Amino acid sequence: MSKGGMAIGSHTHSHHVLSQLEPDRQYEELSESRAILKEQLGVAADVLAYPVGGRTSFTDQTQTLAREAGYRAAFSYYGGTNLPGKTSPYDVSRISISDQSWSRFRVQKAVCRFTGSYLP
Ligand SMILES: [Zn+2]
């Protein structure tokens, strides 16, 4: 996948909801998966997708720990819009594109570009 141009990111080591773990266990989850990806695939996983990715699945401290573990960015999964200057690189919003047509997604993306908000 890497040779084909795909970026490899981390989703933590064992998929625990990070906000439910003590800080040292969170850091382990964050750093262990990154180390394994480096060791076994030779890739530097610079980005992270939080397990579950909901608003309560990670905390401000989790974001700090992700930075300290070497990630450049982390993705949530509760939706929303990423606006320049207003989006933390450790809480980058994503949306699901399942259950909708490609053309609908393209229209929503275009609307978002002009209005600054994603309309589900
Ligand atoms: Zn997952």
# chains A, B, ... in the order shown; residues from 1 in each chain; ligands from 1

call {"tool": "residues_around", "arguments": {"residues": "Ser14 in chain A", "least_positions_apart": "2", "cutoff": "9 Å", "atoms": "only C-alpha atoms", "output": "ChimeraX atom specification"}}
result
/A:11-12,16,29,33

call {"tool": "residues_near_ligand", "arguments": {"ligand": "ligand 1", "cutoff": "8 Å", "atoms": "only C-alpha atoms and all ligand atoms", "output": "PDB file with C-alpha atoms, in the first residue's frame"}}
result
ATOM      1  CA  HIS A  11      -5.565   3.527  15.126  1.00  0.00           C
ATOM      2  CA  HIS A  15      -8.523   0.023  20.107  1.00  0.00           C
ATOM      3  CA  ALA A  49      -7.494   8.053  14.030  1.00  0.00           C
ATOM      4  CA  TYR A  50      -8.915   7.887  17.548  1.00  0.00           C
ATOM      5  CA  PRO A  51     -10.774   4.627  18.276  1.00  0.00           C
ATOM      6  CA  VAL A  52     -14.506   5.346  17.980  1.00  0.00           C
TER       7      VAL A  52
END

call {"tool": "closest_residue", "arguments": {"among": "A:Ala7, A:Ala110, A:Leu18, A:Leu30", "to": "Thr56 in chain A", "atoms": "only C-alpha atoms"}}
result
A:Leu18

call {"tool": "residues_around", "arguments": {"residues": "Phe114 in chain A", "least_positions_apart": "5", "cutoff": "12 Å", "atoms": "only C-alpha atoms", "output": "PyMOL selection string"}}
result
chain A and resi 81+83+107-109+119

call {"tool": "write_last_selection", "arguments": {"atoms": "C-alpha atoms", "output": "compact mmCIF listing (two decimals), in the first residue's frame"}}
result
# COMPACT_ATOMS: atom_id res chain seq x y z
CA THR A 81 -16.11 21.25 9.48
CA LEU A 83 -11.90 25.73 9.29
CA VAL A 107 -22.59 18.59 -3.74
CA GLN A 108 -22.21 18.67 0.07
CA LYS A 109 -18.46 19.18 -0.28
CA LEU A 119 -24.88 19.83 5.83

call {"tool": "atom_distance", "arguments": {"atom1": "CA of Ser57 in chain A", "atom2": "CA of Ser76 in chain A"}}
result
8.7 Å

call {"tool": "decode", "arguments": {"residues": "chain A", "atoms": "C-alpha atoms", "output": "PDB file, in the first residue's frame"}}
result
ATOM      1  CA  MET A   1       0.000   0.000   0.000  1.00  0.00           C
ATOM      2  CA  SER A   2       2.831   2.390   0.833  1.00  0.00           C
ATOM      3  CA  LYS A   3       4.490   1.679  -2.493  1.00  0.00           C
ATOM      4  CA  GLY A   4       1.168   2.466  -4.162  1.00  0.00           C
ATOM      5  CA  GLY A   5       1.104   5.895  -2.559  1.00  0.00           C
ATOM      6  CA  MET A   6      -1.201   5.214   0.392  1.00  0.00           C
ATOM      7  CA  ALA A   7      -0.405   6.881   3.713  1.00  0.00           C
ATOM      8  CA  ILE A   8      -0.300   4.562   6.711  1.00  0.00           C
ATOM      9  CA  GLY A   9      -1.703   5.887   9.960  1.00  0.00           C
ATOM     10  CA  SER A  10      -2.333   4.485  13.405  1.00  0.00           C
ATOM     11  CA  HIS A  11      -5.565   3.527  15.126  1.00  0.00           C
ATOM     12  CA  THR A  12      -3.820   2.755  18.465  1.00  0.00           C
ATOM     13  CA  HIS A  13      -2.536  -0.618  19.605  1.00  0.00           C
ATOM     14  CA  SER A  14      -5.649  -2.330  20.977  1.00  0.00           C
ATOM     15  CA  HIS A  15      -8.523   0.023  20.107  1.00  0.00           C
ATOM     16  CA  HIS A  16      -9.403   1.015  23.672  1.00  0.00           C
ATOM     17  CA  VAL A  17     -11.378   4.218  24.053  1.00  0.00           C
ATOM     18  CA  LEU A  18      -8.526   6.480  25.089  1.00  0.00           C
ATOM     19  CA  SER A  19     -10.529   8.784  27.372  1.00  0.00           C
ATOM     20  CA  GLN A  20     -11.284   5.772  29.577  1.00  0.00           C
ATOM     21  CA  LEU A  21      -7.596   5.040  30.207  1.00  0.00           C
ATOM     22  CA  GLU A  22      -5.091   6.632  32.542  1.00  0.00           C
ATOM     23  CA  PRO A  23      -2.616   8.944  30.793  1.00  0.00           C
ATOM     24  CA  ASP A  24       0.270   6.446  30.896  1.00  0.00           C
ATOM     25  CA  ARG A  25      -1.908   3.749  29.288  1.00  0.00           C
ATOM     26  CA  GLN A  26      -3.070   6.230  26.656  1.00  0.00           C
ATOM     27  CA  TYR A  27       0.528   7.028  25.829  1.00  0.00           C
ATOM     28  CA  GLU A  28       1.306   3.307  25.565  1.00  0.00           C
ATOM     29  CA  GLU A  29      -1.599   2.806  23.162  1.00  0.00           C
ATOM     30  CA  LEU A  30      -0.425   5.731  21.075  1.00  0.00           C
ATOM     31  CA  SER A  31       3.274   4.927  20.989  1.00  0.00           C
ATOM     32  CA  GLU A  32       3.142   1.111  20.784  1.00  0.00           C
ATOM     33  CA  SER A  33       1.161   1.050  17.549  1.00  0.00           C
ATOM     34  CA  ARG A  34       3.446   3.669  16.031  1.00  0.00           C
ATOM     35  CA  ALA A  35       6.528   1.639  17.012  1.00  0.00           C
ATOM     36  CA  ILE A  36       5.082  -1.575  15.529  1.00  0.00           C
ATOM     37  CA  LEU A  37       4.222   0.146  12.249  1.00  0.00           C
ATOM     38  CA  LYS A  38       7.761   1.469  12.088  1.00  0.00           C
ATOM     39  CA  GLU A  39       9.325  -1.866  12.986  1.00  0.00           C
ATOM     40  CA  GLN A  40       7.213  -4.114  10.763  1.00  0.00           C
ATOM     41  CA  LEU A  41       6.419  -1.832   7.826  1.00  0.00           C
ATOM     42  CA  GLY A  42       9.218   0.691   8.032  1.00  0.00           C
ATOM     43  CA  VAL A  43       6.750   3.570   7.917  1.00  0.00           C
ATOM     44  CA  ALA A  44       6.522   6.594  10.187  1.00  0.00           C
ATOM     45  CA  ALA A  45       2.828   6.762  11.075  1.00  0.00           C
ATOM     46  CA  ASP A  46       2.426  10.491  11.496  1.00  0.00           C
ATOM     47  CA  VAL A  47      -1.342  10.530  11.794  1.00  0.00           C
ATOM     48  CA  LEU A  48      -3.794   8.863  14.118  1.00  0.00           C
ATOM     49  CA  ALA A  49      -7.494   8.053  14.030  1.00  0.00           C
ATOM     50  CA  TYR A  50      -8.915   7.887  17.548  1.00  0.00           C
ATOM     51  CA  PRO A  51     -10.774   4.627  18.276  1.00  0.00           C
ATOM     52  CA  VAL A  52     -14.506   5.346  17.980  1.00  0.00           C
ATOM     53  CA  GLY A  53     -13.620   9.006  17.422  1.00  0.00           C
ATOM     54  CA  GLY A  54     -16.597  10.493  19.258  1.00  0.00           C
ATOM     55  CA  ARG A  55     -16.424  13.734  21.244  1.00  0.00           C
ATOM     56  CA  THR A  56     -15.981  11.777  24.478  1.00  0.00           C
ATOM     57  CA  SER A  57     -13.518   9.185  23.123  1.00  0.00           C
ATOM     58  CA  PHE A  58     -10.532  11.450  23.656  1.00  0.00           C
ATOM     59  CA  THR A  59      -9.681  14.466  25.773  1.00  0.00           C
ATOM     60  CA  ASP A  60      -7.480  17.538  25.564  1.00  0.00           C
ATOM     61  CA  GLN A  61      -4.868  15.514  27.412  1.00  0.00           C
ATOM     62  CA  THR A  62      -5.159  12.736  24.813  1.00  0.00           C
ATOM     63  CA  GLN A  63      -4.416  15.306  22.134  1.00  0.00           C
ATOM     64  CA  THR A  64      -1.312  16.426  24.035  1.00  0.00           C
ATOM     65  CA  LEU A  65      -0.199  12.814  24.460  1.00  0.00           C
ATOM     66  CA  ALA A  66      -0.697  12.162  20.741  1.00  0.00           C
ATOM     67  CA  ARG A  67       1.592  15.088  19.949  1.00  0.00           C
ATOM     68  CA  GLU A  68       4.160  13.855  22.471  1.00  0.00           C
ATOM     69  CA  ALA A  69       4.012  10.360  20.935  1.00  0.00           C
ATOM     70  CA  GLY A  70       5.095  11.870  17.629  1.00  0.00           C
ATOM     71  CA  TYR A  71       1.890  12.297  15.676  1.00  0.00           C
ATOM     72  CA  ARG A  72       1.447  15.385  13.520  1.00  0.00           C
ATOM     73  CA  ALA A  73      -2.342  15.094  13.402  1.00  0.00           C
ATOM     74  CA  ALA A  74      -5.243  13.053  14.731  1.00  0.00           C
ATOM     75  CA  PHE A  75      -8.728  12.487  13.360  1.00  0.00           C
ATOM     76  CA  SER A  76     -12.046  12.384  15.174  1.00  0.00           C
ATOM     77  CA  TYR A  77     -15.262  10.950  13.770  1.00  0.00           C
ATOM     78  CA  TYR A  78     -18.144  13.041  15.076  1.00  0.00           C
ATOM     79  CA  GLY A  79     -18.442  15.193  11.981  1.00  0.00           C
ATOM     80  CA  GLY A  80     -18.110  18.905  11.587  1.00  0.00           C
ATOM     81  CA  THR A  81     -16.112  21.253   9.481  1.00  0.00           C
ATOM     82  CA  ASN A  82     -12.401  22.001   9.604  1.00  0.00           C
ATOM     83  CA  LEU A  83     -11.902  25.730   9.286  1.00  0.00           C
ATOM     84  CA  PRO A  84      -8.484  27.343   8.819  1.00  0.00           C
ATOM     85  CA  GLY A  85      -7.199  28.688  12.118  1.00  0.00           C
ATOM     86  CA  LYS A  86     -10.027  27.106  14.096  1.00  0.00           C
ATOM     87  CA  THR A  87      -9.195  23.418  13.849  1.00  0.00           C
ATOM     88  CA  SER A  88      -6.792  21.640  16.163  1.00  0.00           C
ATOM     89  CA  PRO A  89      -4.454  19.343  14.234  1.00  0.00           C
ATOM     90  CA  TYR A  90      -5.272  16.768  16.937  1.00  0.00           C
ATOM     91  CA  ASP A  91      -9.030  16.983  16.408  1.00  0.00           C
ATOM     92  CA  VAL A  92      -9.469  17.001  12.662  1.00  0.00           C
ATOM     93  CA  SER A  93     -13.090  16.282  11.816  1.00  0.00           C
ATOM     94  CA  ARG A  94     -14.121  13.563   9.421  1.00  0.00           C
ATOM     95  CA  ILE A  95     -17.512  12.627   8.098  1.00  0.00           C
ATOM     96  CA  SER A  96     -18.912   9.342   6.895  1.00  0.00           C
ATOM     97  CA  ILE A  97     -19.536   9.060   3.211  1.00  0.00           C
ATOM     98  CA  SER A  98     -21.293   5.734   3.497  1.00  0.00           C
ATOM     99  CA  ASP A  99     -25.032   5.555   2.928  1.00  0.00           C
ATOM    100  CA  GLN A 100     -24.988   8.331   0.361  1.00  0.00           C
ATOM    101  CA  SER A 101     -24.241   8.655  -3.297  1.00  0.00           C
ATOM    102  CA  TRP A 102     -20.999  10.012  -4.643  1.00  0.00           C
ATOM    103  CA  SER A 103     -22.849  12.842  -6.372  1.00  0.00           C
ATOM    104  CA  ARG A 104     -24.572  13.879  -3.123  1.00  0.00           C
ATOM    105  CA  PHE A 105     -21.223  13.909  -1.334  1.00  0.00           C
ATOM    106  CA  ARG A 106     -19.726  16.087  -4.082  1.00  0.00           C
ATOM    107  CA  VAL A 107     -22.588  18.593  -3.738  1.00  0.00           C
ATOM    108  CA  GLN A 108     -22.205  18.673   0.066  1.00  0.00           C
ATOM    109  CA  LYS A 109     -18.465  19.182  -0.275  1.00  0.00           C
ATOM    110  CA  ALA A 110     -19.015  22.099  -2.663  1.00  0.00           C
ATOM    111  CA  VAL A 111     -21.610  23.676  -0.357  1.00  0.00           C
ATOM    112  CA  CYS A 112     -19.221  23.311   2.571  1.00  0.00           C
ATOM    113  CA  ARG A 113     -16.455  25.028   0.646  1.00  0.00           C
ATOM    114  CA  PHE A 114     -18.613  28.141   0.268  1.00  0.00           C
ATOM    115  CA  THR A 115     -20.605  28.151   3.505  1.00  0.00           C
ATOM    116  CA  GLY A 116     -18.030  26.714   5.895  1.00  0.00           C
ATOM    117  CA  SER A 117     -20.394  24.107   7.256  1.00  0.00           C
ATOM    118  CA  TYR A 118     -21.209  20.588   6.279  1.00  0.00           C
ATOM    119  CA  LEU A 119     -24.881  19.832   5.828  1.00  0.00           C
ATOM    120  CA  PRO A 120     -25.680  16.191   6.620  1.00  0.00           C
TER     121      PRO A 120
END
